[in-house]
file structure_2.txt (compact mmCIF, C-alpha atoms)
# COMPACT_ATOMS: atom_id res chain seq x y z
CA MET G 23 103.38 141.52 80.36
CA SER G 24 100.85 140.67 83.01
CA MET G 25 99.60 137.69 81.05
CA PHE G 26 102.90 135.98 81.75
CA LYS G 27 102.64 136.46 85.50
CA ALA G 28 100.80 133.22 86.16
CA MET G 29 103.12 131.52 83.71
CA ASP G 30 106.23 132.59 85.60
CA LEU G 31 104.75 131.56 88.94
CA SER G 32 103.80 128.14 87.58
CA ALA G 33 107.23 127.83 86.02
CA SER G 34 108.78 128.18 89.47
CA GLY G 35 106.48 125.41 90.67
CA LEU G 36 107.52 123.21 87.77
CA THR G 37 111.19 123.81 88.51
CA ALA G 38 110.69 123.00 92.18
CA GLN G 39 108.86 119.75 91.41
CA ARG G 40 111.52 118.78 88.91
CA GLN G 41 114.19 119.24 91.57
CA ARG G 42 112.08 117.19 93.96
CA LEU G 43 111.95 114.45 91.34
CA ASP G 44 115.74 114.59 91.06
CA VAL G 45 116.09 114.09 94.81
CA ILE G 46 113.61 111.19 94.82
CA ALA G 47 115.51 109.59 91.96
CA GLU G 48 118.70 109.96 93.96
CA ASN G 49 117.08 108.37 97.02
CA LEU G 50 115.72 105.41 95.07
CA ALA G 51 118.98 104.88 93.22
CA ASN G 52 120.85 104.76 96.52
CA LEU G 53 118.46 102.36 98.19
CA ASN G 54 121.28 99.96 99.15
CA THR G 55 124.29 102.28 99.22
CA THR G 56 126.50 101.56 102.20
CA ARG G 57 129.43 103.78 101.28
CA THR G 58 129.48 107.51 100.64
CA ALA G 59 132.15 110.18 100.32
CA GLN G 60 131.26 111.45 103.81
CA GLY G 61 131.52 107.92 105.18
CA GLY G 62 128.72 105.68 106.38
CA PRO G 63 125.62 104.72 104.45
CA TYR G 64 123.67 107.02 102.17
CA LYS G 65 121.15 109.20 104.00
CA ARG G 66 117.73 110.03 102.71
CA LYS G 67 117.50 113.49 101.18
CA SER G 68 114.49 115.72 100.89
CA VAL G 69 113.84 119.16 99.44
CA VAL G 70 112.94 122.23 101.46
CA MET G 71 110.72 124.59 99.51
CA GLU G 72 110.32 128.22 100.35
CA ALA G 73 107.97 130.93 99.11
CA ARG G 74 109.93 133.77 97.61
CA PRO G 75 108.43 137.07 96.50
CA ALA G 76 108.66 137.38 92.74
CA GLU G 77 110.27 140.81 93.00
CA ASP G 78 109.81 141.99 89.43
CA PHE G 79 106.04 141.91 89.83
CA ASP G 80 104.09 144.73 91.36
CA SER G 81 100.37 144.34 91.28
CA LEU G 82 97.18 145.08 93.16
CA LEU G 83 97.42 141.69 94.77
CA GLY G 84 100.70 142.66 96.36
CA SER G 85 103.82 140.78 95.49
CA PRO G 86 102.97 137.23 94.38
CA GLU G 87 105.19 134.56 95.76
CA LYS G 88 106.89 131.92 93.72
CA VAL G 89 108.37 128.75 95.10
CA GLU G 90 112.01 127.86 95.23
CA VAL G 91 113.99 124.91 96.51
CA VAL G 92 116.25 126.53 99.08
CA GLN G 93 117.84 123.49 100.63
CA ILE G 94 118.26 119.77 100.23
CA SER G 95 118.25 118.37 103.73
CA GLU G 96 119.65 115.06 104.87
CA ASP G 97 117.85 112.83 107.33
CA SER G 98 120.22 110.60 109.32
CA LYS G 99 117.56 109.06 111.55
CA GLY G 100 116.35 105.50 111.16
CA LEU G 101 119.28 103.87 109.37
CA ARG G 102 118.50 100.17 109.00
CA PRO G 103 120.97 97.74 110.57
CA GLU G 104 121.01 94.35 108.92
CA TYR G 105 122.94 91.27 109.99
CA ASP G 106 125.34 90.37 107.21
CA PRO G 107 128.78 89.41 108.59
CA GLY G 108 130.17 88.68 105.13
CA HIS G 109 129.67 92.27 103.99
CA PRO G 110 132.88 94.36 103.83
CA ASP G 111 131.09 97.26 105.57
CA ALA G 112 129.86 95.16 108.49
CA ASP G 113 130.82 96.26 112.03
CA GLN G 114 132.22 94.01 114.79
CA ASP G 115 128.78 92.51 115.47
CA GLY G 116 128.30 91.70 111.81
CA ASN G 117 125.70 94.42 111.26
CA VAL G 118 125.64 96.54 108.11
CA LEU G 119 123.93 99.94 108.21
CA TYR G 120 121.65 100.45 105.23
CA PRO G 121 120.09 103.78 104.16
CA ASN G 122 116.91 104.96 105.85
CA ILE G 123 114.97 104.89 102.61
CA ASN G 124 111.55 103.34 102.39
CA PRO G 125 110.84 102.60 98.73
CA VAL G 126 107.09 102.73 99.33
CA SER G 127 107.15 106.24 100.74
CA GLU G 128 109.55 107.31 98.02
CA MET G 129 107.10 106.06 95.41
CA VAL G 130 104.33 108.01 97.11
CA HIS G 131 106.50 111.13 97.02
CA LEU G 132 107.19 110.43 93.39
CA MET G 133 103.48 110.33 92.63
CA LEU G 134 102.93 113.52 94.61
CA ALA G 135 105.68 115.29 92.71
CA SER G 136 104.23 114.09 89.43
CA ARG G 137 100.73 115.26 90.34
CA ALA G 138 102.00 118.63 91.56
CA TYR G 139 103.87 119.04 88.29
CA GLU G 140 100.71 118.21 86.38
CA ALA G 141 98.76 120.74 88.43
CA ASN G 142 101.21 123.46 87.49
CA VAL G 143 101.02 122.44 83.85
CA ALA G 144 97.22 122.67 84.10
CA VAL G 145 97.52 126.23 85.42
CA LEU G 146 99.83 127.07 82.54
CA ARG G 147 97.47 125.59 80.00
CA THR G 148 94.56 127.52 81.47
CA GLY G 149 96.54 130.74 81.42
CA LYS G 150 97.38 130.16 77.79
CA ALA G 151 93.77 129.38 76.93
CA MET G 152 92.62 132.55 78.66
CA ALA G 153 95.12 134.66 76.75
CA GLN G 154 94.03 133.07 73.49
CA LYS G 155 90.39 133.69 74.32
CA ALA G 156 91.23 137.33 75.01
CA LEU G 157 92.85 137.58 71.57
CA GLU G 158 89.74 136.09 70.03
CA ILE G 159 87.72 139.10 71.22
CA GLY G 160 89.10 141.07 68.29
CA ARG G 161 88.28 138.39 65.76
CA GLY G 162 85.26 138.33 63.49
CA MET L 30 102.01 189.45 37.06
CA LYS L 31 99.80 190.19 39.97
CA ILE L 32 98.13 186.86 39.59
CA MET L 33 101.42 185.06 40.11
CA GLY L 34 102.03 186.67 43.47
CA PRO L 35 100.49 185.20 46.54
CA ALA L 36 97.06 186.43 47.33
CA GLU L 37 96.85 188.53 50.43
CA GLY L 38 95.61 186.76 53.47
CA LEU L 39 96.61 183.36 52.24
CA VAL L 40 99.37 181.56 53.97
CA PRO L 41 101.65 179.61 51.65
CA PRO L 42 101.66 175.91 52.31
CA GLN L 43 104.31 175.03 54.79
CA GLY L 44 105.07 171.59 53.57
CA THR L 45 105.10 169.06 56.32
CA GLN L 46 105.76 171.57 59.06
CA GLY L 47 102.11 171.98 59.87
CA LEU L 48 101.50 168.26 59.70
CA GLU L 49 104.16 167.36 62.18
CA LYS L 50 102.23 168.75 65.08
CA THR L 51 99.12 166.65 64.68
CA PRO L 52 100.53 163.14 64.27
CA ALA L 53 101.79 162.91 67.82
CA SER L 54 99.36 160.05 68.21
CA ARG L 55 100.62 158.46 65.00
CA GLN L 56 104.19 158.59 66.22
CA GLU L 57 103.05 157.11 69.49
CA PHE L 58 101.39 154.31 67.59
CA ASP L 59 104.51 153.84 65.47
CA SER L 60 106.73 153.55 68.50
CA LEU L 61 104.20 151.31 70.25
CA LEU L 62 104.16 148.95 67.29
CA GLY L 63 107.94 149.11 67.09
CA GLN L 64 108.21 148.30 70.76
CA MET L 65 105.87 145.38 70.32
CA VAL L 66 107.87 144.03 67.40
CA ASP L 67 111.06 144.41 69.41
CA GLY L 68 109.44 142.67 72.36
CA VAL L 69 108.28 139.75 70.23
CA GLN L 70 111.70 139.46 68.64
CA LYS L 71 113.33 139.45 72.06
CA LEU L 72 110.99 136.74 73.28
CA ALA L 73 111.64 134.67 70.15
CA GLN L 74 115.39 134.97 70.63
CA ASP L 75 114.94 134.07 74.26
CA GLY L 76 113.00 130.99 73.14
CA ASP L 77 115.79 130.02 70.75
CA GLN L 78 118.38 130.36 73.50
CA LYS L 79 116.33 128.35 75.96
CA ILE L 80 115.78 125.57 73.43
CA ALA L 81 119.49 125.42 72.68
CA GLY L 82 120.18 125.47 76.41
CA SER L 83 117.77 122.64 77.13
CA MET L 84 119.29 120.58 74.34
CA LEU L 85 122.65 121.06 76.02
CA GLY L 86 121.15 120.19 79.37
CA LYS L 87 121.72 123.64 80.85
CA GLU L 88 118.09 124.74 80.98
CA GLU L 89 114.95 123.13 82.23
CA LEU L 90 112.78 121.68 79.49
CA HIS L 91 109.65 123.45 80.65
CA GLU L 92 111.45 126.79 80.68
CA ALA L 93 112.20 126.33 77.01
CA MET L 94 108.63 125.37 76.21
CA LEU L 95 107.37 128.30 78.25
CA SER L 96 109.49 130.85 76.47
CA LEU L 97 108.31 129.46 73.13
CA GLU L 98 104.74 129.75 74.34
CA LYS L 99 105.35 133.34 75.44
CA ALA L 100 106.83 134.20 72.06
CA ASN L 101 103.87 132.54 70.35
CA LEU L 102 101.30 134.43 72.39
CA SER L 103 102.95 137.80 71.99
CA LEU L 104 103.28 137.23 68.25
CA LYS L 105 99.56 136.49 68.12
CA LEU L 106 98.86 139.71 70.01
CA LEU L 107 101.06 141.63 67.60
CA LEU L 108 99.23 140.08 64.65
CA GLN L 109 95.89 141.09 66.11
CA VAL L 110 97.07 144.68 66.54
CA ARG L 111 98.34 144.68 62.97
CA ASN L 112 95.09 143.21 61.67
CA LYS L 113 93.12 145.90 63.46
CA MET L 114 95.35 148.59 62.00
CA ILE L 115 94.97 147.26 58.45
CA GLU L 116 91.26 146.94 58.98
CA ALA L 117 90.99 150.56 60.08
CA TYR L 118 93.08 151.67 57.14
CA GLN L 119 90.90 149.78 54.67
CA GLU L 120 87.80 151.19 56.30
CA LEU L 121 89.18 154.70 55.80
CA SER L 122 90.30 154.07 52.23
CA ARG L 123 86.82 152.88 51.32
CA MET L 124 85.32 156.09 52.64
CA GLN L 125 83.29 158.04 50.10
CA VAL L 126 84.63 161.52 49.39

call {"tool": "encode", "arguments": {"input": "structure_2.txt", "output": "structure tokens"}}
result
Amino acid sequence: MSMFKAMDLSASGLTAQRQRLDVIAENLANLNTTRTAQGGPYKRKSVVMEARPAEDFDSLLGSPEKVEVVQISEDSKGLRPEYDPGHPDADQDGNVLYPNINPVSEMVHLMLASRAYEANVAVLRTGKAMAQKALEIGRG
Amino acid sequence: MKIMGPAEGLVPPQGTQGLEKTPASRQEFDSLLGQMVDGVQKLAQDGDQKIAGSMLGKEELHEAMLSLEKANLSLKLLLQVRNKMIEAYQELSRMQV
């Protein structure tokens, strides 16, 4: 039904923001991780979102596009060296490489993800209210 | 004896044969309502599955809530259609003959 079109599009937005939250949680949890399975310190991850045509829709507006997380990219630039010769992961000079995660910018991303999620929920709520209003036409 | 025989020019009643032609619209309405009921049932089952899935951590929480909301809205639409139908029926049954 066409009344669910906006709902499905917003749902894709909600899913994407949820995945973004997952990645931010991962980044913040690994703020001080110096060892990973691939070797070296943890590297900051971020989501890549892409507009995908919602193929099952065919409307006058053309094919609406939903959002999807297509990739989780790793950023290996800006790893923080810190002098700590006692650390088991220190190199010959006594430097330990720490992840390139800035907790402040992660918190900002967290807020952005939260607000974007809320925006999608607002669209959903409005869509629901409109549908209910349409059903009220027949009442009384 | 002549009275018992069918009067000339009169066609004997054909039971429901004659009636079957006209209610094409009624059948359409029947199948429309049936389709709607099926659709609502499907959405409700979908909602159940999504809820179970989200409890098990397989589905996103909002997907579950969304499918419940969809089921709710389509049930409301179905109820409105039914109300209208009953209303029309009552209107007709109150008609003076």

call {"tool": "interface_residues", "arguments": {"input": "structure_2.txt", "of": "chain L", "to": "chain G", "cutoff": "10 Å", "atoms": "only C-alpha atoms", "output": "PyMOL selection string"}}
result
chain L and resi 89-92+95-96+98-99+102-103+105-110+112-113

call {"tool": "residues_around", "arguments": {"input": "structure_2.txt", "residues": "G:Glu72", "least_positions_apart": "3", "cutoff": "10 Å", "atoms": "all atoms listed in the file", "output": "JSON, numbers by chain"}}
result
{"G": [38, 69, 75, 87, 88, 89, 90, 91, 92, 93]}

call {"tool": "atom_distance", "arguments": {"input": "structure_2.txt", "atom1": "atom CA of G:Lys67", "atom2": "atom CA of G:Leu101"}}
result
12.8 Å

call {"tool": "atom_distance", "arguments": {"input": "structure_2.txt", "atom1": "atom CA of G:Ser136", "atom2": "atom CA of G:Arg42"}}
result
9.6 Å

call {"tool": "axis_aligned_box", "arguments": {"input": "structure_2.txt", "around": "stretch 107-118 of chain L", "padding_each_side": "5 Å", "output": "AutoDock Vina command-line options"}}
result
--center_x 96.0 --center_y 145.9 --center_z 62.4 --size_x 20.1 --size_y 21.6 --size_z 20.5

call {"tool": "residues_around", "arguments": {"input": "structure_2.txt", "residues": "G:Ala135", "least_positions_apart": "4", "cutoff": "10 Å", "atoms": "only C-alpha atoms", "output": "ChimeraX atom specification"}}
result
/G:36,38-43,46,129-131,139-141

call {"tool": "residues_around", "arguments": {"input": "structure_2.txt", "residues": "L:Leu97", "least_positions_apart": "5", "cutoff": "9 Å", "atoms": "all atoms listed in the file", "output": "number ranges by chain"}}
result
L: 72-73, 75-77, 79-80, 92, 102

call {"tool": "atom_distance", "arguments": {"input": "structure_2.txt", "atom1": "atom CA of L:Arg123", "atom2": "atom CA of L:Arg111"}}
result
18.3 Å

call {"tool": "residues_around", "arguments": {"input": "structure_2.txt", "residues": "stretch 110-120 of chain G", "least_positions_apart": "5", "cutoff": "9 Å", "atoms": "all atoms listed in the file", "output": "ChimeraX atom specification"}}
result
/G:53-57,62-65,101-105

call {"tool": "closest_residue", "arguments": {"input": "structure_2.txt", "among": "L:Met114, L:Ala100, L:Met94, L:Ala81", "to": "L:Val69", "atoms": "all atoms listed in the file"}}
result
L:Ala100

call {"tool": "closest_residue", "arguments": {"input": "structure_2.txt", "among": "G:Ala28, G:Met133, G:Asn142, G:Pro125", "to": "G:Asn49", "atoms": "only C-alpha atoms"}}
result
G:Pro125

call {"tool": "decode", "arguments": {"input": "structure_2.txt", "residues": "stretch 30-141 of chain G", "atoms": "C-alpha atoms", "output": "PDB file, in the first residue's frame"}}
result
ATOM      1  CA  ASP G  30       9.602   1.858   4.414  1.00  0.00           C
ATOM      2  CA  LEU G  31      11.890   4.695   3.357  1.00  0.00           C
ATOM      3  CA  SER G  32      12.155   5.958   6.929  1.00  0.00           C
ATOM      4  CA  ALA G  33      12.751   2.420   8.112  1.00  0.00           C
ATOM      5  CA  SER G  34      15.822   2.237   5.881  1.00  0.00           C
ATOM      6  CA  GLY G  35      17.023   5.482   7.460  1.00  0.00           C
ATOM      7  CA  LEU G  36      16.468   4.066  10.926  1.00  0.00           C
ATOM      8  CA  THR G  37      18.404   0.930  10.059  1.00  0.00           C
ATOM      9  CA  ALA G  38      21.272   2.966   8.634  1.00  0.00           C
ATOM     10  CA  GLN G  39      21.484   5.182  11.725  1.00  0.00           C
ATOM     11  CA  ARG G  40      21.363   2.148  13.978  1.00  0.00           C
ATOM     12  CA  GLN G  41      24.322   0.655  12.126  1.00  0.00           C
ATOM     13  CA  ARG G  42      26.116   3.979  12.433  1.00  0.00           C
ATOM     14  CA  LEU G  43      25.503   3.848  16.176  1.00  0.00           C
ATOM     15  CA  ASP G  44      26.977   0.348  16.265  1.00  0.00           C
ATOM     16  CA  VAL G  45      30.136   1.572  14.556  1.00  0.00           C
ATOM     17  CA  ILE G  46      30.447   4.563  16.899  1.00  0.00           C
ATOM     18  CA  ALA G  47      30.020   2.247  19.870  1.00  0.00           C
ATOM     19  CA  GLU G  48      32.777   0.066  18.465  1.00  0.00           C
ATOM     20  CA  ASN G  49      35.068   3.080  18.027  1.00  0.00           C
ATOM     21  CA  LEU G  50      34.478   4.357  21.551  1.00  0.00           C
ATOM     22  CA  ALA G  51      34.892   0.919  23.070  1.00  0.00           C
ATOM     23  CA  ASN G  52      38.243   0.528  21.328  1.00  0.00           C
ATOM     24  CA  LEU G  53      39.558   3.919  22.332  1.00  0.00           C
ATOM     25  CA  ASN G  54      42.754   2.429  23.796  1.00  0.00           C
ATOM     26  CA  THR G  55      43.046  -0.840  21.884  1.00  0.00           C
ATOM     27  CA  THR G  56      46.613  -1.485  20.812  1.00  0.00           C
ATOM     28  CA  ARG G  57      46.190  -5.034  19.538  1.00  0.00           C
ATOM     29  CA  THR G  58      43.886  -6.331  16.834  1.00  0.00           C
ATOM     30  CA  ALA G  59      43.554  -9.533  14.847  1.00  0.00           C
ATOM     31  CA  GLN G  60      45.068  -7.781  11.814  1.00  0.00           C
ATOM     32  CA  GLY G  61      47.952  -6.552  13.942  1.00  0.00           C
ATOM     33  CA  GLY G  62      48.655  -3.009  15.072  1.00  0.00           C
ATOM     34  CA  PRO G  63      46.285  -0.722  16.921  1.00  0.00           C
ATOM     35  CA  TYR G  64      42.564  -0.468  16.296  1.00  0.00           C
ATOM     36  CA  LYS G  65      41.655   1.854  13.438  1.00  0.00           C
ATOM     37  CA  ARG G  66      38.709   4.179  13.438  1.00  0.00           C
ATOM     38  CA  LYS G  67      35.768   2.874  11.454  1.00  0.00           C
ATOM     39  CA  SER G  68      33.047   4.835   9.740  1.00  0.00           C
ATOM     40  CA  VAL G  69      29.969   3.927   7.725  1.00  0.00           C
ATOM     41  CA  VAL G  70      29.507   4.652   4.041  1.00  0.00           C
ATOM     42  CA  MET G  71      25.872   5.256   3.172  1.00  0.00           C
ATOM     43  CA  GLU G  72      24.492   4.940  -0.298  1.00  0.00           C
ATOM     44  CA  ALA G  73      21.152   5.822  -1.861  1.00  0.00           C
ATOM     45  CA  ARG G  74      19.540   2.748  -3.322  1.00  0.00           C
ATOM     46  CA  PRO G  75      16.387   2.769  -5.428  1.00  0.00           C
ATOM     47  CA  ALA G  76      13.580   1.074  -3.547  1.00  0.00           C
ATOM     48  CA  GLU G  77      12.808  -1.178  -6.495  1.00  0.00           C
ATOM     49  CA  ASP G  78       9.388  -2.429  -5.453  1.00  0.00           C
ATOM     50  CA  PHE G  79       7.986   1.081  -5.659  1.00  0.00           C
ATOM     51  CA  ASP G  80       6.799   2.619  -8.871  1.00  0.00           C
ATOM     52  CA  SER G  81       5.216   5.996  -8.555  1.00  0.00           C
ATOM     53  CA  LEU G  82       4.751   9.328 -10.270  1.00  0.00           C
ATOM     54  CA  LEU G  83       7.732  10.633  -8.392  1.00  0.00           C
ATOM     55  CA  GLY G  84       9.932   8.059 -10.047  1.00  0.00           C
ATOM     56  CA  SER G  85      11.669   5.476  -7.963  1.00  0.00           C
ATOM     57  CA  PRO G  86      12.229   6.781  -4.429  1.00  0.00           C
ATOM     58  CA  GLU G  87      15.601   6.054  -2.979  1.00  0.00           C
ATOM     59  CA  LYS G  88      16.201   4.496   0.377  1.00  0.00           C
ATOM     60  CA  VAL G  89      19.476   4.560   2.216  1.00  0.00           C
ATOM     61  CA  GLU G  90      21.698   1.622   2.923  1.00  0.00           C
ATOM     62  CA  VAL G  91      25.026   1.145   4.648  1.00  0.00           C
ATOM     63  CA  VAL G  92      27.153  -0.336   1.888  1.00  0.00           C
ATOM     64  CA  GLN G  93      30.532  -0.343   3.528  1.00  0.00           C
ATOM     65  CA  ILE G  94      32.289   0.142   6.833  1.00  0.00           C
ATOM     66  CA  SER G  95      35.550   1.846   5.998  1.00  0.00           C
ATOM     67  CA  GLU G  96      38.677   1.929   8.096  1.00  0.00           C
ATOM     68  CA  ASP G  97      40.769   5.046   8.515  1.00  0.00           C
ATOM     69  CA  SER G  98      44.427   4.295   9.250  1.00  0.00           C
ATOM     70  CA  LYS G  99      45.603   7.903   9.226  1.00  0.00           C
ATOM     71  CA  GLY G 100      46.537   9.796  12.361  1.00  0.00           C
ATOM     72  CA  LEU G 101      47.386   6.973  14.760  1.00  0.00           C
ATOM     73  CA  ARG G 102      48.593   8.531  18.003  1.00  0.00           C
ATOM     74  CA  PRO G 103      52.100   7.580  19.151  1.00  0.00           C
ATOM     75  CA  GLU G 104      52.592   7.853  22.878  1.00  0.00           C
ATOM     76  CA  TYR G 105      55.804   7.378  24.822  1.00  0.00           C
ATOM     77  CA  ASP G 106      55.324   4.445  27.174  1.00  0.00           C
ATOM     78  CA  PRO G 107      58.407   2.177  27.225  1.00  0.00           C
ATOM     79  CA  GLY G 108      56.876  -0.157  29.809  1.00  0.00           C
ATOM     80  CA  HIS G 109      54.019  -1.112  27.492  1.00  0.00           C
ATOM     81  CA  PRO G 110      54.340  -4.581  25.891  1.00  0.00           C
ATOM     82  CA  ASP G 111      53.347  -3.128  22.502  1.00  0.00           C
ATOM     83  CA  ALA G 112      55.970  -0.375  22.560  1.00  0.00           C
ATOM     84  CA  ASP G 113      58.461  -0.197  19.657  1.00  0.00           C
ATOM     85  CA  GLN G 114      62.253   0.204  19.966  1.00  0.00           C
ATOM     86  CA  ASP G 115      61.912   3.915  20.770  1.00  0.00           C
ATOM     87  CA  GLY G 116      59.411   3.186  23.509  1.00  0.00           C
ATOM     88  CA  ASN G 117      56.446   4.548  21.540  1.00  0.00           C
ATOM     89  CA  VAL G 118      53.051   2.850  21.588  1.00  0.00           C
ATOM     90  CA  LEU G 119      50.641   3.475  18.709  1.00  0.00           C
ATOM     91  CA  TYR G 120      47.147   4.248  19.942  1.00  0.00           C
ATOM     92  CA  PRO G 121      43.982   4.322  17.793  1.00  0.00           C
ATOM     93  CA  ASN G 122      43.162   7.464  15.820  1.00  0.00           C
ATOM     94  CA  ILE G 123      39.925   7.988  17.689  1.00  0.00           C
ATOM     95  CA  ASN G 124      38.953  11.354  19.055  1.00  0.00           C
ATOM     96  CA  PRO G 125      36.309  10.811  21.733  1.00  0.00           C
ATOM     97  CA  VAL G 126      34.950  14.326  21.240  1.00  0.00           C
ATOM     98  CA  SER G 127      34.269  13.859  17.545  1.00  0.00           C
ATOM     99  CA  GLU G 128      32.844  10.412  18.236  1.00  0.00           C
ATOM    100  CA  MET G 129      30.421  11.948  20.719  1.00  0.00           C
ATOM    101  CA  VAL G 130      29.418  14.518  18.114  1.00  0.00           C
ATOM    102  CA  HIS G 131      28.801  11.712  15.618  1.00  0.00           C
ATOM    103  CA  LEU G 132      26.808   9.929  18.267  1.00  0.00           C
ATOM    104  CA  MET G 133      24.586  12.965  18.733  1.00  0.00           C
ATOM    105  CA  LEU G 134      24.191  13.330  14.973  1.00  0.00           C
ATOM    106  CA  ALA G 135      23.187   9.694  14.630  1.00  0.00           C
ATOM    107  CA  SER G 136      20.704  10.077  17.455  1.00  0.00           C
ATOM    108  CA  ARG G 137      19.176  13.206  15.929  1.00  0.00           C
ATOM    109  CA  ALA G 138      18.976  11.627  12.483  1.00  0.00           C
ATOM    110  CA  TYR G 139      17.239   8.627  14.018  1.00  0.00           C
ATOM    111  CA  GLU G 140      14.793  10.940  15.750  1.00  0.00           C
ATOM    112  CA  ALA G 141      14.134  12.752  12.480  1.00  0.00           C
TER     113      ALA G 141
END
